[in-house]
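Asker: The structure follows.
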Amino acid sequence: MRDAQPKVIYRKEYQVPAFLLERTELTFELFEDHAVVTSQLHLRRNPEADSGAALELNGQELELLEIAIDGRELAPDEYHRDDELLTIARAPAQCVLRCRTRIHPQDNTSLEGLYKSRTMFCTQCEAEGFRKITYFPDRPDVMSVFDVTIEADQALYPVLLSNGNPAPPEALANGRHRVRWHDPHPKPAYLFALVAGDLHYVEDRFRTCGGRDVTLRIYVEEKDLDKCAHAMDSLIQSMRWDEETYGREYDLDIFNIVAVDDFNMGAMENKGLNIFNSSCVLCRPDITTDAGFERVQAIVAHEYFHNWSGNRVTCRDWFQLSLKEGFTVFRDAEFSADMGSRTVKRIEDVSLLRTAQFAEDAGPMAHPVRPDSFIEISNFYTVTIYEKGAEVVRMIHTLLGPDLFRQGSDLYFERHDGQAVTCEEFVRAMEDASGVDLSQFRLWYSQAGTPRLVASGHYDAGAARYTLTLRQSCPATPGQPHKEPMTIPVALGLLGTAGNLPLRLADDQPGGETADNTHRVLELSREEQSFCFEGVMEAPVPALLRGFSAPVTLEYDYSTADLCALMSREADGFVRWDASQQLALRVLSDTQGQLAADSAVVVEPQFLEALGALLADPDLDPAMVAEMLRLPAEGYLAELAAGQGGADVDIIHQARQMLRSTIASAHADLFADCYQRLVTSAPFAPTAEQIGARSLRNMCLDYLALDGAEGLQLAQSQFDTATNMTDRLAALQAIAQHGPDQQRDAALARFYADWEQETLVVNQWLQVQAAMPVADALERVRALLAHPAFDIRNPNKVRSLIGAFSNANPVNFHRADGEGYRLLADIIEQLDSRNPQIAARLLTPLTKWRNYRGRGEQMRAQLQRLAAMPTVSRDVYEVLDKALA
Ligand code: B3K
Ligand code: ZN
C-alpha cells in the first residue's frame with residue numbers, strides 16, 4: 001500500500017477552532033475548462049482558543065492564484081502550504097482573508113467538491129468536499145453567513161443557484177450573466193451548494209404555520225419535467241408533518257431541489273438547495289416501481305427534515321454524525337409510517353438493520369454510533385451511524401413516551417439553535433426535559449456490537465404467575481473486548497389461547513405502564529433480570545420485542561406451535577412477521593442440514609399450513625401477507641451461518657430454492673386464487689393500500705412462475721400488458737429468475753428496447769441481469785460492462801450492475817473459481833483513483849471473507865491484491881486495513 005500511512009483522527013483530540021468566521025463571500029467564475037473561485041473570509045480569533053494558535057485552512061488539489069490579508073498580498077514566507085493545509089502562523093486577531101484559486105470541475109471524477117454532471121455544474125461538500133473548492137476552515141463547527149456570486153455563460157447555464165435568497169440576475173459582457181445569493185442562516189461549509197445549468201422547474205407553494213409563503217421548486221432537465229409531481233407532493237407533506245409532529249417551521253422564502261445524474265449517494269440537505277440523485281427524485285408510474293415511489297417520499301422528507309436536525313442544529317465534529325443522521329432517519333421513518341403502512345415500514349427497516357447493520361457490527365468495520373476514530377470520514381456514512389443511530393433515538397422515544405420525547409426535542413432545538421453540538425447535548429436535552437436518567441443508556445453511543453438477549457419463561461400454574469428472565473451480553477468488537485450491560489427497552493405482551501392477556505407485574509417491579517393493559521415496556525439494565533407477572537391464568541407465549549423495541553438479537557426457545565400461534569393471533573404486527581421469519585429460518589436450517597447430509601428433504605408441515613392459512617384469508621392485510629411469505633434473503637442466512645462455523649453459499653442457495661419450490665407447488669391453487677383476487681381496474685396510485693395489493697400479487701406471481709409453465713405464461717402476459725413499472729418489472733424478474741433461456745432473453749431484449757431512453761429504467765434492467773442466479777451470470781455482467789447502457793463514471797450504474805452482482809447474486813459472486821471476487825476487485829481497481837468513495841463502498845462484500853467456508857482465502861487474496869496497488873486512496877486504504885487486520 002502507499003508508503004505514508006494515512007493519519008488516524010481521534011474524537012478525543014477535538015480542539016475548538018482557532019478562528020471564527022463571521023461572513024463568507026464567494027465568487028465563482030465558471031468556464032468550460034476551469035473555474036476561478038474568489039473568497040473573502042471575515043475572520044476573528046476565537047476567544048475560547050489558545051491565543052497563539054495558527055490559522056488553518058483546508059485545501060486539496062487547488063491552484064493558489066492569490067492570497068491577501070486586509071488587502072495586502074502575503075509573501076511566500078508568511079504562510080505554509082502542503083497537500084491538505086494552508087497555515088498562517090501570525091494572522092491578525094480580526095482580518096479579511098482574500099484568496100483566489102483555480103479548479104477544474106470538468107476533470108473532477110470524485111463527485112466531491114465542484115464537479116460537472118453531464119452538462120451542469122453542481123457541488124457535493126459533505127463531509128469534506130468544500131476544501132476542493134477553495135481554502136477554508138472546512139469543519140462543521142465553523143459557521144458563517146454566505147454571500148455567493150456566480151458568473152457563467154448565459155446560454156449554457158441559464159440557471160445559477162446557491163443557498164438562501166437570490167438578487168435579480170445581471171447581464172455581463174460576452175454573453176455571460178451573474179446571480180448573487182444571500183443565505184442569512186449561518187452554516188458550515190458542508191451545507192454550501194452551487195448549481196449551474198440549463199434547468200427547468202416545477203413550482204408550488206407552501207404556507208407555513210407562521211403564515212409565510214414559501215416557493216418550492218424542483219429543477220430538472222426539460223425531459224424530466226413530468227416526473228416531479230410525487231417529489232413535490234412529498235415535500236409538501238413533509239413540511240406539514242414537521243410542523244405538526246415537531247413544531248418545526250421552514251425558515252427561508254425558497255426551497256429548491258435539483259436532480260443530478262452523477263451523484264455518490266441519495267441526496268444532500270444543503271441549506272435551501274437540496275441536491276438529489278435523479279434516482280431519488282424522479283418518478284412516474286410507468287417508469288418507477290412502488291419501492292421507488294416510497295424511496296422518493298422518504299428521501300425528500302429526510303433531506304427536508306435535516307433543515308432542523310442537521311442544519312439549524314449541526315454537528316460539532318464528524319464523530320457526531322449520528323446526531324443529525326440517526327435523528328433524521330428516525331424522523332423520516334416515522335413520517336413514512338404515518339403516510340403509509342406503519343408495520344410494513346417497520347418490517348422493512350428491521351430487515352435492513354438485521355441484514356446490513358448487524359453484519360457490519362459483527363465484522364471488521366464495526367464501530368460505535370459515535371465512533372472514536374477514523375481515517376476517512378466518508379467511510380462512516382454507514383448503516384450503524386444511520387440505522388442503528390435511528391434505533392437509539394427510537395429507544396429514547398420508547399423510554400420517554402411521545403409527550404416527553406417531544407418536550408425533549410423542543411428543548412434540544414431551542415437550546416442549540418444555530419450551534420454545532422454533540423450527541424451528548426441531544427441526550428442531555430432529552431434528560432432535562434423529561435427527568436429520565438439516561439446515564440446508562442449512553443452506552444448505546446459508545447459501545448459497538450449487537451447485544452444478544454436470551455429470554456426464558458417459567459409458568460407456575462398454581463400461583464398463576466409467569467416469570468420472564470432476560471439475560472444480556474454483547475460480543476467483543478475491534479478495540480472493545482469487554483462490554484457493560486446497557487439499558488434495553490423490551491416491549492412485550494403475553495399471548496393466551498384467546499388473545500393477549502392482561503398484564504400485572506408483581507408490585508415491586510418497574511415496567512412502563514401503558515394505556516393498553518396487555519402491553520408493557522420492561523427496562524432491562526442489569527446483566528440478568530427476572531420480571532414476574534401475576535394473575536396469569538394460562539401458560540402464555542411471550543410476544544417479545546414488540547415493534548422491535550431494541551436493536552438486539554433475541555433468543556427464546558419457541559416451539560413450532562408457539563411460532564404459529566404468534567403468527568396468527570399476536571396483536572403486534574411486527575411480532576407476527578418476526579414469528580414467520582423465525583419459523584422460516586428453522587425450516588431453512590433443517591433443509592440445509594438435510595441437504596448437507598444427503599438425506600431426503602422434509603418440510604415442516606405446520607410451516608406450510610401456516611403459509612396456506614395466510615394466503616387463504618382475504619381479510620388479512622395483503623402487504624403483511626406478502627412480507628410473511630418472503631423468505632429471509634441468502635445474504636442474511638450467510639450472516640447467521642457465519643457465527644456457526646462459516647457459510648456454505650451453495651447449500652444456502654439450494655435450501656432456499658428448494659423451500660420456495662415446495663411452497664410454490666404445495667400452494668399453487670392458493671397463489672393462483674390470491675393473484676386473481678387482487679386484480680384491480682383502479683387507476684394506479686402509490687397509496688399504501690395499492691402498494692400492499694401489488695406486493696402480494698407479485699409475490700404470488702413469483703411463486704407461480706417458479707412452479708412451472710403456466711405461471712411463466714401468466715408472468716409473460718403481465719409483462720406484456722402491465723401499465724405500471726411495479727407490475728412490469730415484477731413480471732420481468734419472475735421470467736428472468738425462473739424462465740427458460742429463450743423467454744428470458746426475449747423479455748430482457750424487449751424491456752431494453754422499450755426503455756432505452758430512460759436511464760433510470762435501464763439501470764433497473766442492469767440490476768435484474770446482475771442478480772440472475774443463472775450459470776453464466778458473471779459472463780453476462782462482464783459483457784454488460786461494455787454495453788452502451790453502462791458507464792463506470794456514473795455511480796448509479798456501478799451500483800446497479802456491480803453492487804447488485806456482489807450483494808444480490810450470492811451463488812455467482814461466490815463462484816468456486818473465484819472469478820466473482822476477481823471481477824469486483826477489477827472494478828474497484830479501476831475506480832479507486834477516479835472515485836474513491838464508491839470504490840471503498842463496493843469493497844464491503846469482500847470484507848466479509850471470514851464468514852465463508854471454503855472461499856475466505858480467495859476473497860482475502862483479492863483484498864491483498866488491492867492493497868498492493870501502487871497508490872491506494874485513503875478511503876480504500878482504511879477499509880482494506882481493517883478487513884485484513
Ligand atoms: N448528509 C448526506 C450524506 C452525505 C454523504 C457524504 N459522503 C445525505 C443525508 O444523509 O441526508
Ligand atoms: Zn441524512
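Residue numbers start at 1 in each chain; chains themselves are named A, B, ... in the order of the C-alpha cells; ligands are numbered from 1 in the order shown.
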Do you know which residues are within 6 Å of ligand 1 using only C-alpha atoms and all ligand atoms? Can you write them as number ranges by chain?
Answerer: A: 126-127, 267-269, 303, 325, 378
Asker: At a cut-off of 7 Å, using only C-alpha atoms, what residues contact Arg546 in chain A? Leave out same-chain residues fewer than 6 positions from it and give the result as a list in words.
Answerer: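 Once the nearby chain positions are removed, what remains is Ala491, Leu492, Asp572, Phe574 and Val575 of chain A.
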Asker: Okay, now the selection with N, CA, C and O atoms, as a PDB file, in the first residue's frame?
Answerer:
ATOM      1  N   ALA A 491     -40.287  -4.250  24.836  1.00  0.00           N
ATOM      2  CA  ALA A 491     -41.754  -4.142  24.785  1.00  0.00           C
ATOM      3  C   ALA A 491     -42.315  -5.547  24.621  1.00  0.00           C
ATOM      4  O   ALA A 491     -41.772  -6.346  23.864  1.00  0.00           O
ATOM      5  N   LEU A 492     -43.367  -5.858  25.361  1.00  0.00           N
ATOM      6  CA  LEU A 492     -43.884  -7.220  25.240  1.00  0.00           C
ATOM      7  C   LEU A 492     -45.372  -7.324  25.541  1.00  0.00           C
ATOM      8  O   LEU A 492     -45.999  -6.398  26.066  1.00  0.00           O
ATOM      9  N   ASP A 572     -49.358  -7.582  17.926  1.00  0.00           N
ATOM     10  CA  ASP A 572     -48.330  -6.730  17.323  1.00  0.00           C
ATOM     11  C   ASP A 572     -47.894  -7.288  15.963  1.00  0.00           C
ATOM     12  O   ASP A 572     -47.414  -8.420  15.870  1.00  0.00           O
ATOM     13  N   PHE A 574     -45.436  -6.544  14.013  1.00  0.00           N
ATOM     14  CA  PHE A 574     -44.021  -6.870  13.862  1.00  0.00           C
ATOM     15  C   PHE A 574     -43.734  -8.264  14.407  1.00  0.00           C
ATOM     16  O   PHE A 574     -43.027  -9.063  13.769  1.00  0.00           O
ATOM     17  N   VAL A 575     -44.276  -8.578  15.578  1.00  0.00           N
ATOM     18  CA  VAL A 575     -44.018  -9.902  16.178  1.00  0.00           C
ATOM     19  C   VAL A 575     -44.633 -10.995  15.308  1.00  0.00           C
ATOM     20  O   VAL A 575     -44.030 -12.061  15.127  1.00  0.00           O
TER      21      VAL A 575
END
Asker: Identify which of the residues A:His302, A:Arg248, A:Arg850, A:Arg354 lies closest to ligand 2, counting only C-alpha atoms and all ligand atoms when measuring atom-to-atom distances.
Answerer: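 Between A:His302, A:Arg248, A:Arg850, A:Arg354, the residue approaching ligand 2 most closely is A:His302.
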Asker: Could you pull out the residues sitting within 12 Å of ligand 2, using only C-alpha atoms and all ligand atoms, and write them as a short mmCIF file (atom, residue, chain, number, x, y, z; two decimals) with N, CA and C atoms, in the first residue's frame?
Answerer:
data_model
loop_
_atom_site.label_atom_id
_atom_site.label_comp_id
_atom_site.auth_asym_id
_atom_site.auth_seq_id
_atom_site.Cartn_x
_atom_site.Cartn_y
_atom_site.Cartn_z
N GLU A 126 -20.49 17.79 1.72
CA GLU A 126 -20.39 16.96 2.92
C GLU A 126 -19.61 15.69 2.55
N ALA A 127 -18.71 15.24 3.40
CA ALA A 127 -18.31 15.89 4.63
C ALA A 127 -17.20 16.92 4.38
N LEU A 191 -22.62 22.54 4.09
CA LEU A 191 -24.00 22.77 3.63
C LEU A 191 -24.07 23.75 2.47
N MET A 265 -24.34 9.57 -3.59
CA MET A 265 -25.31 8.91 -2.70
C MET A 265 -26.72 9.32 -3.09
N GLY A 266 -27.65 9.30 -2.14
CA GLY A 266 -29.05 9.57 -2.46
C GLY A 266 -29.36 11.04 -2.68
N ALA A 267 -28.98 11.86 -1.72
CA ALA A 267 -29.32 13.28 -1.80
C ALA A 267 -28.55 14.03 -0.72
N MET A 268 -28.62 15.35 -0.79
CA MET A 268 -27.85 16.17 0.15
C MET A 268 -28.66 17.38 0.60
N GLU A 269 -28.64 17.61 1.90
CA GLU A 269 -29.53 18.59 2.53
C GLU A 269 -29.02 20.02 2.53
N ASN A 270 -28.21 20.45 1.57
CA ASN A 270 -27.69 21.82 1.54
C ASN A 270 -28.80 22.82 1.86
N ASN A 274 -31.46 21.62 -1.82
CA ASN A 274 -31.15 20.19 -1.74
C ASN A 274 -30.76 19.67 -3.11
N PHE A 276 -30.23 16.28 -5.33
CA PHE A 276 -30.68 14.89 -5.31
C PHE A 276 -30.07 14.09 -6.45
N ALA A 298 -39.49 9.12 1.08
CA ALA A 298 -38.68 9.06 2.29
C ALA A 298 -37.46 9.96 2.19
N ILE A 299 -36.83 10.01 1.02
CA ILE A 299 -35.59 10.80 0.91
C ILE A 299 -35.91 12.30 0.84
N VAL A 300 -36.97 12.64 0.14
CA VAL A 300 -37.37 14.06 0.14
C VAL A 300 -37.62 14.50 1.58
N ALA A 301 -38.33 13.67 2.33
CA ALA A 301 -38.62 14.00 3.73
C ALA A 301 -37.33 14.08 4.54
N HIS A 302 -36.48 13.09 4.37
CA HIS A 302 -35.23 13.04 5.13
C HIS A 302 -34.44 14.34 4.94
N GLU A 303 -34.24 14.70 3.69
CA GLU A 303 -33.43 15.91 3.43
C GLU A 303 -34.14 17.15 3.96
N TYR A 304 -35.46 17.19 3.80
CA TYR A 304 -36.18 18.35 4.32
C TYR A 304 -36.05 18.43 5.85
N PHE A 305 -36.19 17.28 6.52
CA PHE A 305 -36.12 17.29 7.99
C PHE A 305 -34.75 17.75 8.50
N HIS A 306 -33.73 17.51 7.69
CA HIS A 306 -32.39 17.98 8.08
C HIS A 306 -32.37 19.50 8.26
N ASN A 307 -33.32 20.20 7.67
CA ASN A 307 -33.26 21.65 7.82
C ASN A 307 -33.18 22.04 9.30
N TRP A 308 -33.86 21.26 10.15
CA TRP A 308 -33.71 21.48 11.59
C TRP A 308 -32.70 20.51 12.20
N SER A 309 -32.90 19.23 11.97
CA SER A 309 -31.98 18.25 12.59
C SER A 309 -30.78 18.06 11.67
N GLY A 310 -29.85 19.02 11.73
CA GLY A 310 -28.67 18.95 10.89
C GLY A 310 -28.21 20.35 10.50
N ASN A 311 -29.15 21.17 10.03
CA ASN A 311 -28.74 22.49 9.55
C ASN A 311 -28.86 23.56 10.63
N THR A 314 -26.38 21.73 14.08
CA THR A 314 -25.50 20.83 13.34
C THR A 314 -24.51 20.11 14.25
N LEU A 321 -21.67 12.50 13.76
CA LEU A 321 -22.53 12.42 12.57
C LEU A 321 -23.92 11.86 12.85
N SER A 322 -23.98 10.87 13.74
CA SER A 322 -25.29 10.26 14.01
C SER A 322 -26.25 11.23 14.71
N LEU A 323 -25.69 12.27 15.31
CA LEU A 323 -26.55 13.29 15.93
C LEU A 323 -27.57 13.77 14.91
N LYS A 324 -27.11 14.05 13.70
CA LYS A 324 -28.06 14.51 12.68
C LYS A 324 -28.62 13.35 11.88
N GLU A 325 -27.81 12.34 11.59
CA GLU A 325 -28.30 11.27 10.71
C GLU A 325 -29.24 10.30 11.43
N GLY A 326 -28.85 9.87 12.63
CA GLY A 326 -29.71 8.93 13.36
C GLY A 326 -31.05 9.58 13.67
N PHE A 327 -31.00 10.81 14.15
CA PHE A 327 -32.24 11.51 14.49
C PHE A 327 -33.09 11.72 13.23
N THR A 328 -32.46 12.10 12.13
CA THR A 328 -33.23 12.38 10.92
C THR A 328 -33.79 11.10 10.31
N VAL A 329 -33.06 10.00 10.39
CA VAL A 329 -33.63 8.73 9.91
C VAL A 329 -34.83 8.35 10.78
N PHE A 330 -34.71 8.54 12.08
CA PHE A 330 -35.86 8.24 12.94
C PHE A 330 -37.05 9.11 12.53
N ARG A 331 -36.79 10.38 12.26
CA ARG A 331 -37.87 11.28 11.86
C ARG A 331 -38.48 10.85 10.53
N ASP A 332 -37.65 10.50 9.56
CA ASP A 332 -38.24 10.14 8.25
C ASP A 332 -38.96 8.79 8.33
N ALA A 333 -38.48 7.90 9.21
CA ALA A 333 -39.16 6.60 9.33
C ALA A 333 -40.56 6.80 9.92
N TYR A 381 -20.34 6.95 6.70
CA TYR A 381 -21.77 7.14 6.39
C TYR A 381 -22.35 5.74 6.28
N THR A 382 -22.49 5.12 7.43
CA THR A 382 -22.73 3.68 7.48
C THR A 382 -24.13 3.36 7.99
N VAL A 383 -24.51 2.10 7.84
CA VAL A 383 -25.79 1.66 8.43
C VAL A 383 -25.76 1.77 9.95
N ILE A 385 -24.22 4.30 11.71
CA ILE A 385 -24.49 5.71 12.01
C ILE A 385 -25.95 6.05 11.70
N TYR A 386 -26.45 5.59 10.58
CA TYR A 386 -27.80 5.94 10.14
C TYR A 386 -28.86 5.09 10.85
N GLU A 387 -28.81 3.78 10.61
CA GLU A 387 -29.94 2.94 11.06
C GLU A 387 -29.85 2.60 12.54
N GLY A 389 -28.20 4.32 14.65
CA GLY A 389 -28.39 5.64 15.27
C GLY A 389 -29.86 5.97 15.40
N ALA A 390 -30.65 5.64 14.38
CA ALA A 390 -32.09 5.90 14.44
C ALA A 390 -32.75 5.01 15.49
#
Asker: Please list as a PyMOL selection string every residue within 7 Å of range 711-724 of chain A, counting only C-alpha atoms and excluding residues in the same chain fewer than 2 positions away.
Answerer: chain A and resi 285-286+701+704-705+707-709+726-728+731-732+734-735+739
Asker: Show me, as a PyMOL selection string, the residues that have an atom within 12 Å of Asp338 in chain A when counting only C-alpha atoms, minus same-chain residues fewer than 6 positions from it.
Answerer: chain A and resi 237-238+241-242+244-245+297-298+331-332+344-346+688
Asker: Residues of the last selection are to be written out with N, CA and C atoms, as a PDB file, in the first residue's frame.
Answerer:
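Once everything was written out, this is again.pdb:
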ATOM      1  N   GLN A 237     -46.009  17.372   1.993  1.00  0.00           N
ATOM      2  CA  GLN A 237     -46.403  16.526   3.137  1.00  0.00           C
ATOM      3  C   GLN A 237     -45.369  16.593   4.258  1.00  0.00           C
ATOM      4  N   SER A 238     -44.088  16.606   3.866  1.00  0.00           N
ATOM      5  CA  SER A 238     -43.016  16.645   4.877  1.00  0.00           C
ATOM      6  C   SER A 238     -43.054  17.954   5.662  1.00  0.00           C
ATOM      7  N   TRP A 241     -45.951  17.821   8.019  1.00  0.00           N
ATOM      8  CA  TRP A 241     -45.716  16.831   9.082  1.00  0.00           C
ATOM      9  C   TRP A 241     -44.736  17.377  10.118  1.00  0.00           C
ATOM     10  N   ASP A 242     -43.686  18.058   9.664  1.00  0.00           N
ATOM     11  CA  ASP A 242     -42.684  18.542  10.618  1.00  0.00           C
ATOM     12  C   ASP A 242     -43.247  19.665  11.488  1.00  0.00           C
ATOM     13  N   GLU A 244     -46.494  19.755  12.358  1.00  0.00           N
ATOM     14  CA  GLU A 244     -47.458  19.119  13.263  1.00  0.00           C
ATOM     15  C   GLU A 244     -46.773  18.229  14.296  1.00  0.00           C
ATOM     16  N   THR A 245     -45.745  17.501  13.862  1.00  0.00           N
ATOM     17  CA  THR A 245     -45.158  16.487  14.748  1.00  0.00           C
ATOM     18  C   THR A 245     -44.047  17.044  15.621  1.00  0.00           C
ATOM     19  N   GLN A 297     -40.316   9.498  -1.585  1.00  0.00           N
ATOM     20  CA  GLN A 297     -41.030  10.172  -0.485  1.00  0.00           C
ATOM     21  C   GLN A 297     -40.138  10.230   0.769  1.00  0.00           C
ATOM     22  N   ALA A 298     -39.493   9.118   1.075  1.00  0.00           N
ATOM     23  CA  ALA A 298     -38.680   9.057   2.294  1.00  0.00           C
ATOM     24  C   ALA A 298     -37.457   9.961   2.193  1.00  0.00           C
ATOM     25  N   ARG A 331     -36.786  10.380  12.259  1.00  0.00           N
ATOM     26  CA  ARG A 331     -37.874  11.284  11.864  1.00  0.00           C
ATOM     27  C   ARG A 331     -38.484  10.848  10.531  1.00  0.00           C
ATOM     28  N   ASP A 332     -37.645  10.500   9.555  1.00  0.00           N
ATOM     29  CA  ASP A 332     -38.236  10.135   8.254  1.00  0.00           C
ATOM     30  C   ASP A 332     -38.957   8.788   8.330  1.00  0.00           C
ATOM     31  N   VAL A 344     -45.507  -2.341   7.982  1.00  0.00           N
ATOM     32  CA  VAL A 344     -44.662  -2.740   6.855  1.00  0.00           C
ATOM     33  C   VAL A 344     -43.380  -1.906   6.834  1.00  0.00           C
ATOM     34  N   LYS A 345     -43.500  -0.625   7.125  1.00  0.00           N
ATOM     35  CA  LYS A 345     -42.301   0.227   7.178  1.00  0.00           C
ATOM     36  C   LYS A 345     -41.335  -0.304   8.234  1.00  0.00           C
ATOM     37  N   ARG A 346     -41.886  -0.693   9.376  1.00  0.00           N
ATOM     38  CA  ARG A 346     -41.028  -1.193  10.450  1.00  0.00           C
ATOM     39  C   ARG A 346     -40.346  -2.502  10.027  1.00  0.00           C
ATOM     40  N   ALA A 688     -50.725   3.258   0.161  1.00  0.00           N
ATOM     41  CA  ALA A 688     -50.336   2.072   0.937  1.00  0.00           C
ATOM     42  C   ALA A 688     -51.202   0.883   0.535  1.00  0.00           C
TER      43      ALA A 688
END
Asker: Please return as a ChimeraX atom specification: the residues of range 104-348 of chain A that backbone DSSP assigns to helix (DSSP H, G or I).
Answerer: /A:105-107,130-132,189-191,222-227,229-246,278-280,290-305,318-339,342-348
Asker: If we count only C-alpha atoms and set the cut-off at 10 Å, which residues sit around Thr844 in chain A, ignoring sequence neighbours fewer than 2 positions away in its own chain? Please answer as a PyMOL selection string.
Answerer: chain A and resi 360+365+803+806-807+839-842+846-849+879-880+883
Asker: For Thr477 in chain A, which residue among A:Pro542, A:Pro795, A:Gly363, A:Gly435 is the nearest when counting only C-alpha atoms?
Answerer: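 Checking each candidate against Thr477 in chain A, we get A:Gly363 as the closest.
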Asker: For CA of Phe426 in chain A and CA of Val393 in chain A, quote the distance in Å rounded to one decimal.
Answerer: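 CA of Val393 in chain A lies at a distance of 9.7 Å from CA of Phe426 in chain A.
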Asker: DSSP on the backbone: what in range 308-502 of chain A comes out strand (DSSP E), as a ChimeraX atom specification?
Answerer: /A:314-315,373-374,420-421,452-460,465-473,488-496,499-500
Asker: Export, as a CSV table (one decimal), in the first residue's frame, the selected residues with N, CA and C atoms.
Answerer:
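The new file part-v9.csv reads:
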chain,number,residue,atom,x,y,z
A,314,THR,N,-26.4,21.7,14.1
A,314,THR,CA,-25.5,20.8,13.3
A,314,THR,C,-24.5,20.1,14.3
A,315,CYS,N,-23.5,19.4,13.6
A,315,CYS,CA,-22.6,18.6,14.4
A,315,CYS,C,-21.3,19.4,14.7
A,373,SER,N,-12.6,7.0,16.3
A,373,SER,CA,-11.6,7.4,15.4
A,373,SER,C,-12.0,7.1,14.0
A,374,PHE,N,-11.3,7.8,13.0
A,374,PHE,CA,-11.5,7.4,11.6
A,374,PHE,C,-10.3,7.8,10.8
A,420,ALA,N,-23.3,24.1,16.8
A,420,ALA,CA,-22.7,22.9,16.3
A,420,ALA,C,-22.5,22.0,17.6
A,421,VAL,N,-23.2,21.0,17.8
A,421,VAL,CA,-23.2,20.3,19.1
A,421,VAL,C,-22.9,18.8,19.0
A,452,ARG,N,-26.9,-9.3,22.6
A,452,ARG,CA,-27.6,-10.5,22.5
A,452,ARG,C,-28.5,-10.7,23.7
A,453,LEU,N,-29.8,-10.9,23.4
A,453,LEU,CA,-30.7,-11.0,24.5
A,453,LEU,C,-31.2,-12.5,24.6
A,454,VAL,N,-31.1,-13.1,25.7
A,454,VAL,CA,-31.6,-14.5,25.9
A,454,VAL,C,-32.7,-14.5,26.9
A,455,ALA,N,-33.9,-15.0,26.4
A,455,ALA,CA,-35.1,-14.9,27.3
A,455,ALA,C,-35.5,-16.3,27.6
A,456,SER,N,-36.0,-16.5,28.9
A,456,SER,CA,-36.6,-17.8,29.2
A,456,SER,C,-37.8,-17.5,30.1
A,457,GLY,N,-38.8,-18.4,30.0
A,457,GLY,CA,-40.0,-18.1,30.8
A,457,GLY,C,-40.3,-19.3,31.7
A,458,HIS,N,-41.0,-19.0,32.8
A,458,HIS,CA,-41.4,-20.1,33.7
A,458,HIS,C,-42.9,-19.8,34.1
A,459,TYR,N,-43.7,-20.8,33.9
A,459,TYR,CA,-45.1,-20.6,34.3
A,459,TYR,C,-45.4,-21.4,35.5
A,460,ASP,N,-46.0,-20.8,36.5
A,460,ASP,CA,-46.4,-21.5,37.7
A,460,ASP,C,-47.9,-21.5,37.8
A,465,ARG,N,-48.7,-17.4,38.1
A,465,ARG,CA,-47.5,-16.5,37.9
A,465,ARG,C,-46.7,-16.9,36.7
A,466,TYR,N,-46.3,-15.9,36.0
A,466,TYR,CA,-45.3,-16.1,34.8
A,466,TYR,C,-44.1,-15.3,35.1
A,467,THR,N,-43.0,-16.0,35.1
A,467,THR,CA,-41.7,-15.3,35.3
A,467,THR,C,-40.9,-15.3,34.0
A,468,LEU,N,-40.5,-14.1,33.6
A,468,LEU,CA,-39.7,-14.0,32.4
A,468,LEU,C,-38.3,-13.5,32.8
A,469,THR,N,-37.3,-14.3,32.4
A,469,THR,CA,-35.9,-14.0,32.8
A,469,THR,C,-35.2,-13.5,31.5
A,470,LEU,N,-34.6,-12.4,31.6
A,470,LEU,CA,-33.8,-11.8,30.4
A,470,LEU,C,-32.4,-11.7,30.8
A,471,ARG,N,-31.5,-12.1,29.9
A,471,ARG,CA,-30.1,-12.0,30.1
A,471,ARG,C,-29.5,-11.3,28.9
A,472,GLN,N,-28.6,-10.4,29.2
A,472,GLN,CA,-27.9,-9.7,28.0
A,472,GLN,C,-26.4,-9.9,28.0
A,473,SER,N,-25.9,-9.8,26.8
A,473,SER,CA,-24.4,-9.8,26.6
A,473,SER,C,-24.1,-9.1,25.3
A,488,ILE,N,-31.9,-1.7,28.0
A,488,ILE,CA,-32.6,-2.3,26.8
A,488,ILE,C,-34.1,-2.3,27.1
A,489,PRO,N,-34.9,-1.4,26.3
A,489,PRO,CA,-36.3,-1.5,26.5
A,489,PRO,C,-36.9,-2.7,25.8
A,490,VAL,N,-37.6,-3.5,26.5
A,490,VAL,CA,-38.2,-4.7,25.9
A,490,VAL,C,-39.7,-4.6,26.0
A,491,ALA,N,-40.3,-4.2,24.8
A,491,ALA,CA,-41.8,-4.1,24.8
A,491,ALA,C,-42.3,-5.5,24.6
A,492,LEU,N,-43.4,-5.9,25.4
A,492,LEU,CA,-43.9,-7.2,25.2
A,492,LEU,C,-45.4,-7.3,25.5
A,493,GLY,N,-45.9,-8.5,25.2
A,493,GLY,CA,-47.2,-8.9,25.5
A,493,GLY,C,-47.2,-10.4,25.8
A,494,LEU,N,-48.2,-10.9,26.4
A,494,LEU,CA,-48.3,-12.4,26.7
A,494,LEU,C,-49.5,-12.9,25.9
A,495,LEU,N,-49.3,-13.9,25.1
A,495,LEU,CA,-50.3,-14.4,24.3
A,495,LEU,C,-51.0,-15.6,24.9
A,496,GLY,N,-52.3,-15.6,25.0
A,496,GLY,CA,-53.0,-16.7,25.5
A,496,GLY,C,-53.8,-17.4,24.4
A,499,GLY,N,-56.2,-14.8,22.8
A,499,GLY,CA,-55.7,-13.4,22.5
A,499,GLY,C,-54.7,-13.0,23.6
A,500,ASN,N,-54.3,-11.7,23.6
A,500,ASN,CA,-53.3,-11.2,24.5
A,500,ASN,C,-53.9,-11.1,25.9
Asker: Measure the distance from CA of Val195 in chain A to CA of Leu43 in chain A in Å and round it to one decimal.
Answerer: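 Distance reported for this atom pair: 26.5 Å.
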Asker: Near Leu640 in chain A, counting only C-alpha atoms, which residues have an atom at most 12 Å away, once you skip same-chain residues fewer than 6 positions from it, shown as a list in words?
Answerer: Arg354, Thr355, Ala356, Phe358, Ala359, Ala362, Thr553, Leu585, Arg586, Leu588, Ser589, Pro632, Ala633, Glu634, Gly646, Ala647, Asp648, Val649, Ile652, Asn851 and Tyr852 of chain A
Asker: Point out the residue among A:Ser530, A:Asn256, A:Pro502, A:Val36 with the least atom-to-atom distance to Thr518 in chain A, counting only C-alpha atoms.
Answerer: A:Pro502
Asker: Restricting the calculation to only C-alpha atoms, which member of A:Trp755, A:Leu729, A:Trp577, A:Arg11 is positioned closest to Pro371 in chain A?
Answerer: A:Arg11
Asker: Might you pull out every residue within 9 Å of Ala565 in chain A, with only C-alpha atoms counted and same-chain residues fewer than 4 positions away left off, and present them as a PyMOL selection string?
Answerer: chain A and resi 495+497+541+560-561+569-570+576+579
